[in-house]
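work-v9.csv (CSV, C-alpha atoms and all ligand atoms) appears below.
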chain,number,residue,atom,x,y,z
A,1,MET,CA,-21.2,1.1,5.6
A,2,ASN,CA,-18.8,3.9,6.6
A,3,ILE,CA,-15.9,2.3,8.3
A,4,GLU,CA,-13.9,4.9,10.3
A,5,LYS,CA,-10.2,4.7,9.7
A,6,LYS,CA,-7.8,4.2,12.6
A,7,ALA,CA,-6.8,7.5,14.1
A,8,VAL,CA,-3.2,8.6,13.5
A,9,LYS,CA,-1.3,9.0,16.8
A,10,LEU,CA,2.3,10.4,16.8
A,11,PRO,CA,4.6,11.8,19.5
A,12,HIS,CA,5.9,14.4,16.9
A,13,PHE,CA,5.0,15.2,13.3
A,14,VAL,CA,8.4,16.0,11.6
A,15,THR,CA,8.4,14.0,8.4
A,16,ILE,CA,6.2,12.1,6.0
A,17,GLU,CA,8.7,9.3,5.7
A,18,ASN,CA,7.2,7.2,8.5
A,19,LEU,CA,3.6,7.4,7.4
A,20,SER,CA,1.9,4.4,6.0
A,21,ASN,CA,-0.6,4.7,3.1
A,22,ASP,CA,-3.4,4.0,5.7
A,23,ASP,CA,-2.0,6.9,7.8
A,24,VAL,CA,-2.1,9.3,4.8
A,25,SER,CA,-5.6,8.1,3.9
A,26,ALA,CA,-6.8,8.6,7.6
A,27,LEU,CA,-5.3,12.1,7.7
A,28,ILE,CA,-7.0,13.1,4.4
A,29,GLU,CA,-10.3,11.7,5.7
A,30,ARG,CA,-10.0,13.6,9.0
A,31,ALA,CA,-9.1,16.8,7.2
A,32,GLU,CA,-12.1,16.3,4.9
A,33,TYR,CA,-14.2,15.9,7.9
A,34,PHE,CA,-13.1,19.2,9.3
A,35,LYS,CA,-13.4,20.8,5.9
A,36,HIS,CA,-17.1,19.8,5.6
A,37,GLY,CA,-18.0,21.3,9.0
A,38,GLY,CA,-17.1,18.4,11.3
A,39,THR,CA,-16.3,19.6,14.8
A,40,PRO,CA,-13.2,18.7,16.8
A,41,GLU,CA,-13.4,16.8,20.0
A,42,THR,CA,-13.9,18.9,23.1
A,43,LEU,CA,-10.7,19.3,25.1
A,44,THR,CA,-11.0,18.2,28.7
A,45,ASN,CA,-8.0,20.3,29.7
A,46,PRO,CA,-6.1,23.2,28.1
A,47,VAL,CA,-3.5,22.6,25.4
A,48,TYR,CA,-0.8,25.3,24.8
A,49,SER,CA,1.0,25.7,21.5
A,50,VAL,CA,3.7,28.0,20.2
A,51,ASN,CA,4.6,28.7,16.5
A,52,MET,CA,8.3,29.3,16.1
A,53,PHE,CA,9.1,30.4,12.6
A,54,PHE,CA,12.9,31.1,12.2
A,55,GLU,CA,12.3,31.5,8.4
A,56,ASP,CA,9.7,33.7,6.8
A,57,SER,CA,6.2,32.4,6.2
A,58,THR,CA,2.8,33.6,5.4
A,59,ARG,CA,0.6,30.6,4.7
A,60,THR,CA,2.1,27.9,6.9
A,61,HIS,CA,2.4,30.1,9.9
A,62,THR,CA,-1.1,31.6,9.7
A,63,SER,CA,-2.6,28.3,8.7
A,64,PHE,CA,-1.1,26.5,11.6
A,65,GLU,CA,-2.4,29.2,14.0
A,66,MET,CA,-5.9,29.0,12.5
A,67,ALA,CA,-5.8,25.2,12.8
A,68,GLU,CA,-4.7,25.4,16.5
A,69,ARG,CA,-7.5,27.9,17.3
A,70,LYS,CA,-10.1,25.8,15.5
A,71,LEU,CA,-9.0,22.8,17.6
A,72,GLY,CA,-9.4,24.9,20.8
A,73,LEU,CA,-5.7,25.2,21.6
A,74,THR,CA,-4.3,28.3,23.4
A,75,VAL,CA,-1.6,29.8,21.1
A,76,ILE,CA,1.3,31.6,22.9
A,77,PRO,CA,3.0,34.2,20.8
A,78,PHE,CA,6.8,33.9,20.0
A,79,ASP,CA,8.8,36.3,17.9
A,80,PRO,CA,12.3,34.9,17.0
A,81,ALA,CA,13.6,38.4,16.1
A,82,HIS,CA,13.0,39.5,19.7
A,83,SER,CA,13.8,36.3,21.5
A,84,SER,CA,16.9,35.1,23.3
A,85,VAL,CA,18.0,33.2,20.2
A,86,LYS,CA,19.4,36.6,19.3
A,87,LYS,CA,21.7,36.3,22.4
A,88,GLY,CA,22.9,32.9,21.2
A,89,GLU,CA,20.5,30.6,23.0
A,90,THR,CA,20.4,27.2,21.2
A,91,LEU,CA,17.3,25.8,19.7
A,92,TYR,CA,17.3,23.0,22.3
A,93,ASP,CA,17.5,25.5,25.2
A,94,THR,CA,14.7,27.6,23.6
A,95,LEU,CA,12.5,24.5,23.5
A,96,LEU,CA,13.5,23.5,27.0
A,97,THR,CA,12.3,27.0,28.1
A,98,MET,CA,9.0,26.4,26.2
A,99,ASP,CA,8.6,23.0,27.9
A,100,ALA,CA,9.4,24.5,31.4
A,101,ILE,CA,6.9,27.3,30.9
A,102,GLY,CA,4.1,24.7,30.1
A,103,LEU,CA,3.9,24.6,26.4
A,104,ASP,CA,2.6,21.3,25.0
A,105,LEU,CA,3.3,21.7,21.3
A,106,ALA,CA,5.8,23.7,19.2
A,107,VAL,CA,5.3,24.2,15.5
A,108,ILE,CA,8.8,25.0,14.1
A,109,ARG,CA,10.2,26.2,10.8
A,110,HIS,CA,14.0,26.4,10.7
A,111,LYS,CA,16.7,26.7,8.0
A,112,GLU,CA,18.7,23.7,9.1
A,113,ASN,CA,17.8,20.3,7.6
A,114,ASN,CA,16.7,17.8,10.2
A,115,TYR,CA,16.9,20.5,13.0
A,116,TYR,CA,14.3,18.4,14.9
A,117,ASN,CA,16.6,15.3,15.4
A,118,ASP,CA,18.2,16.9,18.5
A,119,LEU,CA,14.8,17.8,19.9
A,120,ILE,CA,13.2,14.4,19.6
A,121,GLU,CA,16.1,12.0,20.1
A,122,THR,CA,17.2,13.4,23.4
A,123,SER,CA,19.9,11.7,25.6
A,124,ALA,CA,19.5,10.3,29.1
A,125,ASN,CA,20.5,13.5,30.8
A,126,GLN,CA,18.0,15.6,28.9
A,127,THR,CA,14.4,16.1,30.0
A,128,LEU,CA,12.8,17.9,27.0
A,129,ASP,CA,9.2,16.8,26.6
A,130,ILE,CA,7.2,18.8,24.0
A,131,GLY,CA,5.5,17.8,20.8
A,132,ILE,CA,7.3,19.0,17.7
A,133,VAL,CA,5.5,19.7,14.4
A,134,ASN,CA,7.8,20.4,11.5
A,135,ALA,CA,6.7,23.4,9.5
A,136,GLY,CA,9.7,23.1,7.1
A,137,ASP,CA,13.4,22.3,7.6
A,138,GLY,CA,15.8,23.8,5.1
A,139,SER,CA,15.7,21.8,1.9
A,140,GLY,CA,14.5,18.7,3.9
A,141,GLN,CA,10.8,18.2,4.5
A,142,HIS,CA,7.6,20.1,4.4
A,143,PRO,CA,5.1,17.6,5.8
A,144,SER,CA,2.1,19.9,6.1
A,145,GLN,CA,2.5,21.2,2.5
A,146,CYS,CA,3.0,17.7,1.2
A,147,LEU,CA,-0.2,16.3,3.0
A,148,LEU,CA,-2.3,19.3,2.0
A,149,ASP,CA,-1.1,18.7,-1.6
A,150,MET,CA,-2.1,15.0,-1.4
A,151,MET,CA,-5.5,16.1,0.0
A,152,THR,CA,-6.0,18.6,-2.9
A,153,ILE,CA,-5.1,15.9,-5.5
A,154,HIS,CA,-7.4,13.4,-3.8
A,155,ASP,CA,-10.2,16.0,-3.6
A,156,HIS,CA,-10.1,16.5,-7.4
A,157,PHE,CA,-9.5,13.0,-8.7
A,158,GLY,CA,-10.8,10.8,-5.8
A,159,ARG,CA,-7.4,8.9,-5.9
A,160,ILE,CA,-3.7,9.4,-6.1
A,161,GLU,CA,-2.6,6.0,-7.4
A,162,GLY,CA,-2.0,5.9,-11.1
A,163,LEU,CA,-2.0,9.7,-11.7
A,164,LYS,CA,0.8,11.4,-13.6
A,165,VAL,CA,2.3,14.2,-11.7
A,166,ALA,CA,5.0,16.6,-13.0
A,167,ILE,CA,7.1,18.5,-10.4
A,168,ILE,CA,8.6,21.5,-12.2
A,169,GLY,CA,11.3,24.0,-11.3
A,170,ASP,CA,13.7,24.7,-8.4
A,171,LEU,CA,14.0,21.0,-7.4
A,172,THR,CA,17.4,21.3,-5.7
A,173,ASN,CA,16.2,23.7,-3.1
A,174,SER,CA,12.6,22.6,-2.6
A,175,ARG,CA,11.5,20.7,0.6
A,176,VAL,CA,8.1,20.6,-1.1
A,177,ALA,CA,9.5,18.7,-4.0
A,178,ARG,CA,11.4,16.3,-1.8
A,179,SER,CA,8.4,15.5,0.4
A,180,ASN,CA,6.0,15.2,-2.5
A,181,MET,CA,8.2,13.0,-4.8
A,182,GLU,CA,8.6,10.6,-1.9
A,183,LEU,CA,5.0,10.4,-0.8
A,184,LEU,CA,3.5,10.5,-4.4
A,185,THR,CA,5.7,7.5,-5.3
A,186,GLN,CA,4.7,5.7,-2.1
A,187,LEU,CA,1.1,6.3,-3.0
A,188,GLY,CA,1.4,4.9,-6.5
A,189,ALA,CA,1.5,8.1,-8.6
A,190,GLU,CA,3.8,8.3,-11.6
A,191,VAL,CA,6.2,11.2,-11.0
A,192,TYR,CA,8.0,13.3,-13.6
A,193,PHE,CA,10.4,16.2,-13.3
A,194,SER,CA,11.0,19.3,-15.4
A,195,GLY,CA,12.5,22.8,-15.3
A,196,PRO,CA,16.1,23.9,-15.7
A,197,GLU,CA,18.3,20.8,-15.9
A,198,TYR,CA,20.8,22.4,-13.5
A,199,TRP,CA,18.2,22.0,-10.7
A,200,TYR,CA,17.6,18.4,-11.6
A,201,SER,CA,19.9,15.9,-9.8
A,202,ASP,CA,20.4,12.2,-10.5
A,203,GLU,CA,19.2,11.5,-6.9
A,204,PHE,CA,15.7,12.3,-8.1
A,205,GLY,CA,15.9,9.5,-10.8
A,206,LYS,CA,14.6,6.8,-8.4
A,207,TYR,CA,11.3,8.7,-8.2
A,208,GLY,CA,10.8,9.7,-11.9
A,209,LYS,CA,12.1,10.8,-15.2
A,210,TYR,CA,13.2,14.3,-16.3
A,211,LEU,CA,11.4,15.5,-19.5
A,212,PRO,CA,11.0,18.9,-21.2
A,213,VAL,CA,7.9,20.8,-20.1
A,214,ASP,CA,6.4,20.7,-23.6
A,215,GLU,CA,6.6,16.9,-23.6
A,216,LEU,CA,4.7,16.7,-20.3
A,217,VAL,CA,2.0,19.3,-20.5
A,218,GLU,CA,-0.4,17.3,-22.6
A,219,LYS,CA,0.0,14.1,-20.7
A,220,MET,CA,0.0,15.1,-17.0
A,221,ASP,CA,-2.9,15.0,-14.6
A,222,VAL,CA,-1.1,17.4,-12.2
A,223,MET,CA,1.4,20.2,-13.1
A,224,MET,CA,3.0,21.0,-9.8
A,225,LEU,CA,5.0,24.2,-10.1
A,226,LEU,CA,7.8,25.1,-7.6
A,227,ARG,CA,8.7,28.6,-6.6
A,228,VAL,CA,12.1,29.8,-7.8
A,229,GLN,CA,13.8,30.3,-4.3
A,230,HIS,CA,16.2,33.1,-4.9
A,231,GLU,CA,16.9,33.3,-1.1
A,232,ARG,CA,18.5,29.8,-1.3
A,233,HIS,CA,20.7,30.5,-4.3
A,234,ASP,CA,23.8,31.8,-2.6
A,235,GLY,CA,26.6,30.0,-4.4
A,236,ASP,CA,24.4,28.9,-7.3
A,237,SER,CA,26.3,30.0,-10.4
A,238,ASN,CA,23.1,30.3,-12.4
A,239,GLU,CA,21.6,33.0,-10.1
A,240,GLY,CA,23.5,35.9,-11.7
A,241,SER,CA,22.1,35.1,-15.2
A,242,PHE,CA,18.6,34.2,-14.1
A,243,ASN,CA,16.0,35.9,-16.3
A,244,PRO,CA,12.4,35.7,-15.1
A,245,GLU,CA,10.9,36.2,-18.7
A,246,GLU,CA,13.2,33.6,-20.1
A,247,TYR,CA,12.2,31.1,-17.3
A,248,HIS,CA,8.5,31.8,-17.9
A,249,LYS,CA,9.0,31.2,-21.6
A,250,LYS,CA,10.9,27.9,-21.2
A,251,TYR,CA,9.3,26.3,-18.1
A,252,GLY,CA,6.3,28.4,-17.0
A,253,ILE,CA,2.6,27.7,-17.5
A,254,ASN,CA,1.4,30.4,-20.0
A,255,GLU,CA,-1.9,30.5,-21.9
A,256,GLU,CA,-0.5,28.3,-24.7
A,257,ARG,CA,0.6,25.5,-22.4
A,258,TYR,CA,-2.6,25.9,-20.3
A,259,ALA,CA,-4.7,25.3,-23.4
A,260,LYS,CA,-2.7,22.0,-24.1
A,261,MET,CA,-3.4,20.5,-20.7
A,262,LYS,CA,-5.9,17.6,-20.4
A,263,ASP,CA,-9.5,18.8,-19.7
A,264,ASP,CA,-9.4,17.4,-16.1
A,265,ALA,CA,-5.8,18.3,-15.3
A,266,ILE,CA,-4.9,20.7,-12.5
A,267,ILE,CA,-2.1,23.2,-11.7
A,268,MET,CA,-0.7,23.3,-8.2
A,269,HIS,CA,1.8,25.7,-6.6
A,270,PRO,CA,2.8,25.8,-2.9
A,271,GLY,CA,3.1,29.5,-2.8
A,272,PRO,CA,4.3,32.2,-2.7
A,273,ILE,CA,4.0,32.5,-6.5
A,274,ASN,CA,6.4,34.5,-8.5
A,275,ARG,CA,3.6,35.8,-10.8
A,276,GLY,CA,4.7,35.7,-14.5
A,277,VAL,CA,7.6,33.4,-13.7
A,278,GLU,CA,6.3,29.9,-12.7
A,279,LEU,CA,2.7,30.7,-13.7
A,280,ALA,CA,1.2,33.5,-15.8
A,281,SER,CA,-0.5,36.0,-13.4
A,282,GLU,CA,-3.9,35.7,-15.1
A,283,LEU,CA,-3.9,31.9,-14.6
A,284,VAL,CA,-3.3,32.0,-10.8
A,285,GLU,CA,-7.1,31.8,-10.2
A,286,SER,CA,-8.0,30.0,-13.4
A,287,ASP,CA,-10.3,26.9,-13.5
A,288,LYS,CA,-7.4,24.5,-13.5
A,289,SER,CA,-5.4,26.3,-10.8
A,290,ARG,CA,-5.7,24.8,-7.3
A,291,PHE,CA,-3.6,27.5,-5.7
A,292,LYS,CA,-6.4,28.9,-3.5
A,293,VAL,CA,-7.8,25.4,-2.7
A,294,GLN,CA,-4.4,24.3,-1.5
A,295,MET,CA,-4.3,27.2,1.0
A,296,GLN,CA,-7.9,26.4,2.1
A,297,ASN,CA,-7.1,22.7,2.5
A,298,GLY,CA,-4.0,23.6,4.5
A,299,VAL,CA,-6.0,24.7,7.5
A,300,PHE,CA,-7.9,21.4,7.7
A,301,MET,CA,-4.9,19.2,7.1
A,302,ARG,CA,-2.9,21.0,9.8
A,303,MET,CA,-5.9,20.4,12.1
A,304,ALA,CA,-5.6,16.7,11.4
A,305,MET,CA,-1.8,16.7,11.9
A,306,ILE,CA,-1.9,18.6,15.2
A,307,GLU,CA,-4.7,16.3,16.4
A,308,ALA,CA,-2.5,13.3,15.6
A,309,VAL,CA,0.2,14.6,17.9
A,310,MET,CA,-2.4,15.5,20.6
A,311,ARG,CA,-3.6,11.9,20.4
A,312,GLY,CA,0.0,10.6,20.4
A,313,ARG,CA,0.8,12.6,23.5
A,314,LYS,CA,-2.7,12.3,25.1
A,315,LEU,CA,-3.1,16.1,25.2
A,316,GLY,CA,-6.5,17.7,26.1
A,317,GLY,CA,-7.9,14.3,26.9
A,318,LEU,CA,-7.5,13.0,23.3
A,319,GLU,CA,-6.5,9.4,22.8
A,401,LIG,N1,4.0,27.1,1.0
A,401,LIG,C1,4.6,27.7,2.0
A,401,LIG,O1,5.3,27.1,2.8
A,401,LIG,O2,4.3,29.1,2.1
A,401,LIG,P1,4.9,30.0,3.3
A,401,LIG,O3,6.4,30.1,3.1
A,401,LIG,O4,4.2,31.4,3.0
A,401,LIG,O5,4.5,29.4,4.6

Starting from the file, give its structure as structure tokens.
Amino acid sequence: MNIEKKAVKLPHFVTIENLSNDDVSALIERAEYFKHGGTPETLTNPVYSVNMFFEDSTRTHTSFEMAERKLGLTVIPFDPAHSSVKKGETLYDTLLTMDAIGLDLAVIRHKENNYYNDLIETSANQTLDIGIVNAGDGSGQHPSQCLLDMMTIHDHFGRIEGLKVAIIGDLTNSRVARSNMELLTQLGAEVYFSGPEYWYSDEFGKYGKYLPVDELVEKMDVMMLLRVQHERHDGDSNEGSFNPEEYHKKYGINEERYAKMKDDAIIMHPGPINRGVELASELVESDKSRFKVQMQNGVFMRMAMIEAVMRGRKLGGLE
């Protein structure tokens, strides 16, 4: 008997930290439903969304827009470079404008950690009423990447509990790493870390152990590679001496390490990839690589996430 999971309903989707294991499971199930041709519910009244990306993006931005269109939302364009943010308008006032104009949902990427707190914990004299979906905040959270990663792991192994997952690379600056170490641990995976030790911090110790890449490669089910984020390295004393070839040799997946991986193991990367640094260019679309599948799954997981907020706010007649 196919028992349908309880639909997830949220007023905003800004973090993975409040999700139960059942919520994650229901979101994966819903995303799989969309992936396998399931149609979204028909909206009984129009729902308007806006994608506000104050940091650069290819996949997350395009993928959210695709998800919104597949769900039947009307997407209103917004270009931060030509907006009144340039005149000093605050993020709150920009969102107040979107709310006043009639937008129901805003998908936001912003460089400040927890930028969303001021938008969802409003005070008594504030009237802001718009659903916020976090598309990445500084080095804080990247909920949609995290959930599409869980979906991709679940797709391949049929489970997450008990799997060994190594998160490798620029841990300090990565919101993907932060979200994934938290949710993987909650879901019962065994997390390990690797990459340059200067990007490992003791705060990650509660989620897993740091080990050299060559000790991990033969044992892991998932090798999750992180992009080296040069744009976040202002003030990082290691940036000046960073050498891409050396990084690849010490920490990257090359043919030799690929050959040592377990038969069923997979490589993941949130993108964009620094080819020949985190991963050899010729392995980007190899059998074990899930890079393209992650991007495909992203559309369906984002549909599930937006739908959860539409249900939580009763938008388009969804409950
Ligand atoms: N993974 C990810 O967030 O990619 P973009 O920066 O291209 O959106």

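With the cut-off set to 6 Å and only C-alpha atoms and all ligand atoms counted, the residues surrounding ligand LIG 401 (chain A) are Ser57, Thr58, Arg59, Thr60, His61, Pro270, Gly271 and Pro272 of chain A.
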
Smallest atom-to-atom distance to A:Arg69: which of A:Asp214, A:Asp202, A:Glu161, A:Glu307, using only C-alpha atoms?
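Under the stated criterion, the closest residue is A:Glu307.
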
Quick check, in Å to one decimal: how far apart do atom CA of A:Gly240 and atom CA of A:Glu112 lie?
24.6 Å

Could you tell me how far atom CA of A:Met310 lies from atom CA of A:Asn180, in Å and to one decimal?
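Between these atoms lies a distance of 24.6 Å.
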
Identify which of the residues A:Tyr210, A:Met303, A:Gly312, A:Ser25 lies closest to A:Pro40, counting all atoms listed in the file when measuring atom-to-atom distances.
A:Met303

Taking into account only C-alpha atoms, which residue in the set A:Gly72, A:Gly131, A:Pro143, A:Gly188 is nearest to A:Met98?
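Between A:Gly72, A:Gly131, A:Pro143, A:Gly188, the residue approaching A:Met98 most closely is A:Gly131.
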
Distance criterion (all atoms listed in the file): nearest to A:Ile160 out of A:Glu190, A:Lys9, A:Lys86, A:Asp236
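Closest to A:Ile160, using all atoms listed in the file: A:Glu190.
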
For A:Ala26, list every protein, DNA or RNA residue within 7 Å, evaluated using all atoms listed in the file, and leave out those in the same chain fewer than 6 positions away; present the list as a list of chain:residue names.
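The contact residues come out as A:Lys5, A:Lys6, A:Ala7, A:Val8.
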
Looking at A:Val213, A:Met305, A:Leu315, A:Leu226, which one is nearest to A:Ile130, with distances taken over only C-alpha atoms?
A:Leu315

What is the distance between atom CA of A:Val191 and atom CA of A:Val165, in Å to one decimal?
5.0 Å

Kindly indicate which residue among A:His156, A:Lys164, A:Arg227, A:Lys288 lies nearest to A:Ala177, using all atoms listed in the file for the distances.
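For A:Ala177, the nearest of the candidates is A:Arg227.
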
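Using all atoms listed in the file, the residues found no farther than 8 Å from stretch 316-318 of chain A, other than those of its own chain fewer than 2 positions away, are A:Glu41, A:Leu43, A:Thr44, A:Asn45, A:Pro46, A:Val47, A:Met310, A:Arg311, A:Lys314.
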
Residue selection dump (C-alpha atoms) as a short mmCIF file (atom, residue, chain, number, x, y, z; two decimals), keeping the file's coordinate frame:
data_model
loop_
_atom_site.label_atom_id
_atom_site.label_comp_id
_atom_site.auth_asym_id
_atom_site.auth_seq_id
_atom_site.Cartn_x
_atom_site.Cartn_y
_atom_site.Cartn_z
CA GLU A 41 -13.40 16.80 20.00
CA LEU A 43 -10.70 19.30 25.10
CA THR A 44 -11.00 18.20 28.70
CA ASN A 45 -8.00 20.30 29.70
CA PRO A 46 -6.10 23.20 28.10
CA VAL A 47 -3.50 22.60 25.40
CA MET A 310 -2.40 15.50 20.60
CA ARG A 311 -3.60 11.90 20.40
CA LYS A 314 -2.70 12.30 25.10
#

Hey, what's within 7 Å of stretch 20-24 of chain A if we count all atoms listed in the file and toss same-chain stuff fewer than 3 positions away? As a ChimeraX atom specification, please?
/A:8,27-28,187

If you count only C-alpha atoms, which residues fall within 12 Å of A:Thr62, apart from same-chain ones fewer than 3 positions away, as a list of chain:residue names?
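That gives A:Asn51, A:Met52, A:Phe53, A:Asp56, A:Ser57, A:Thr58, A:Arg59, A:Glu65, A:Met66, A:Ala67, A:Glu68, A:Arg69, A:Val75, A:Val107, A:Ala135, A:Met295, A:Gln296, A:Gly298, A:Val299, A:Arg302.
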
May I have the residues within 8 Å of A:Glu218 as a VMD selection string, using all atoms listed in the file and disregarding those fewer than 3 positions away in the same chain?
chain A and resid 214 to 215 260 to 262

Convert the current residue selection to file output with C-alpha atoms, as an mmCIF file, in the coordinates of the input.
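The resulting file, out_20.cif, is shown below:
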data_model
loop_
_atom_site.group_PDB
_atom_site.id
_atom_site.type_symbol
_atom_site.label_atom_id
_atom_site.label_comp_id
_atom_site.auth_asym_id
_atom_site.auth_seq_id
_atom_site.Cartn_x
_atom_site.Cartn_y
_atom_site.Cartn_z
ATOM 1 C CA ASP A 214 6.400 20.700 -23.600
ATOM 2 C CA GLU A 215 6.600 16.900 -23.600
ATOM 3 C CA LYS A 260 -2.700 22.000 -24.100
ATOM 4 C CA MET A 261 -3.400 20.500 -20.700
ATOM 5 C CA LYS A 262 -5.900 17.600 -20.400
#
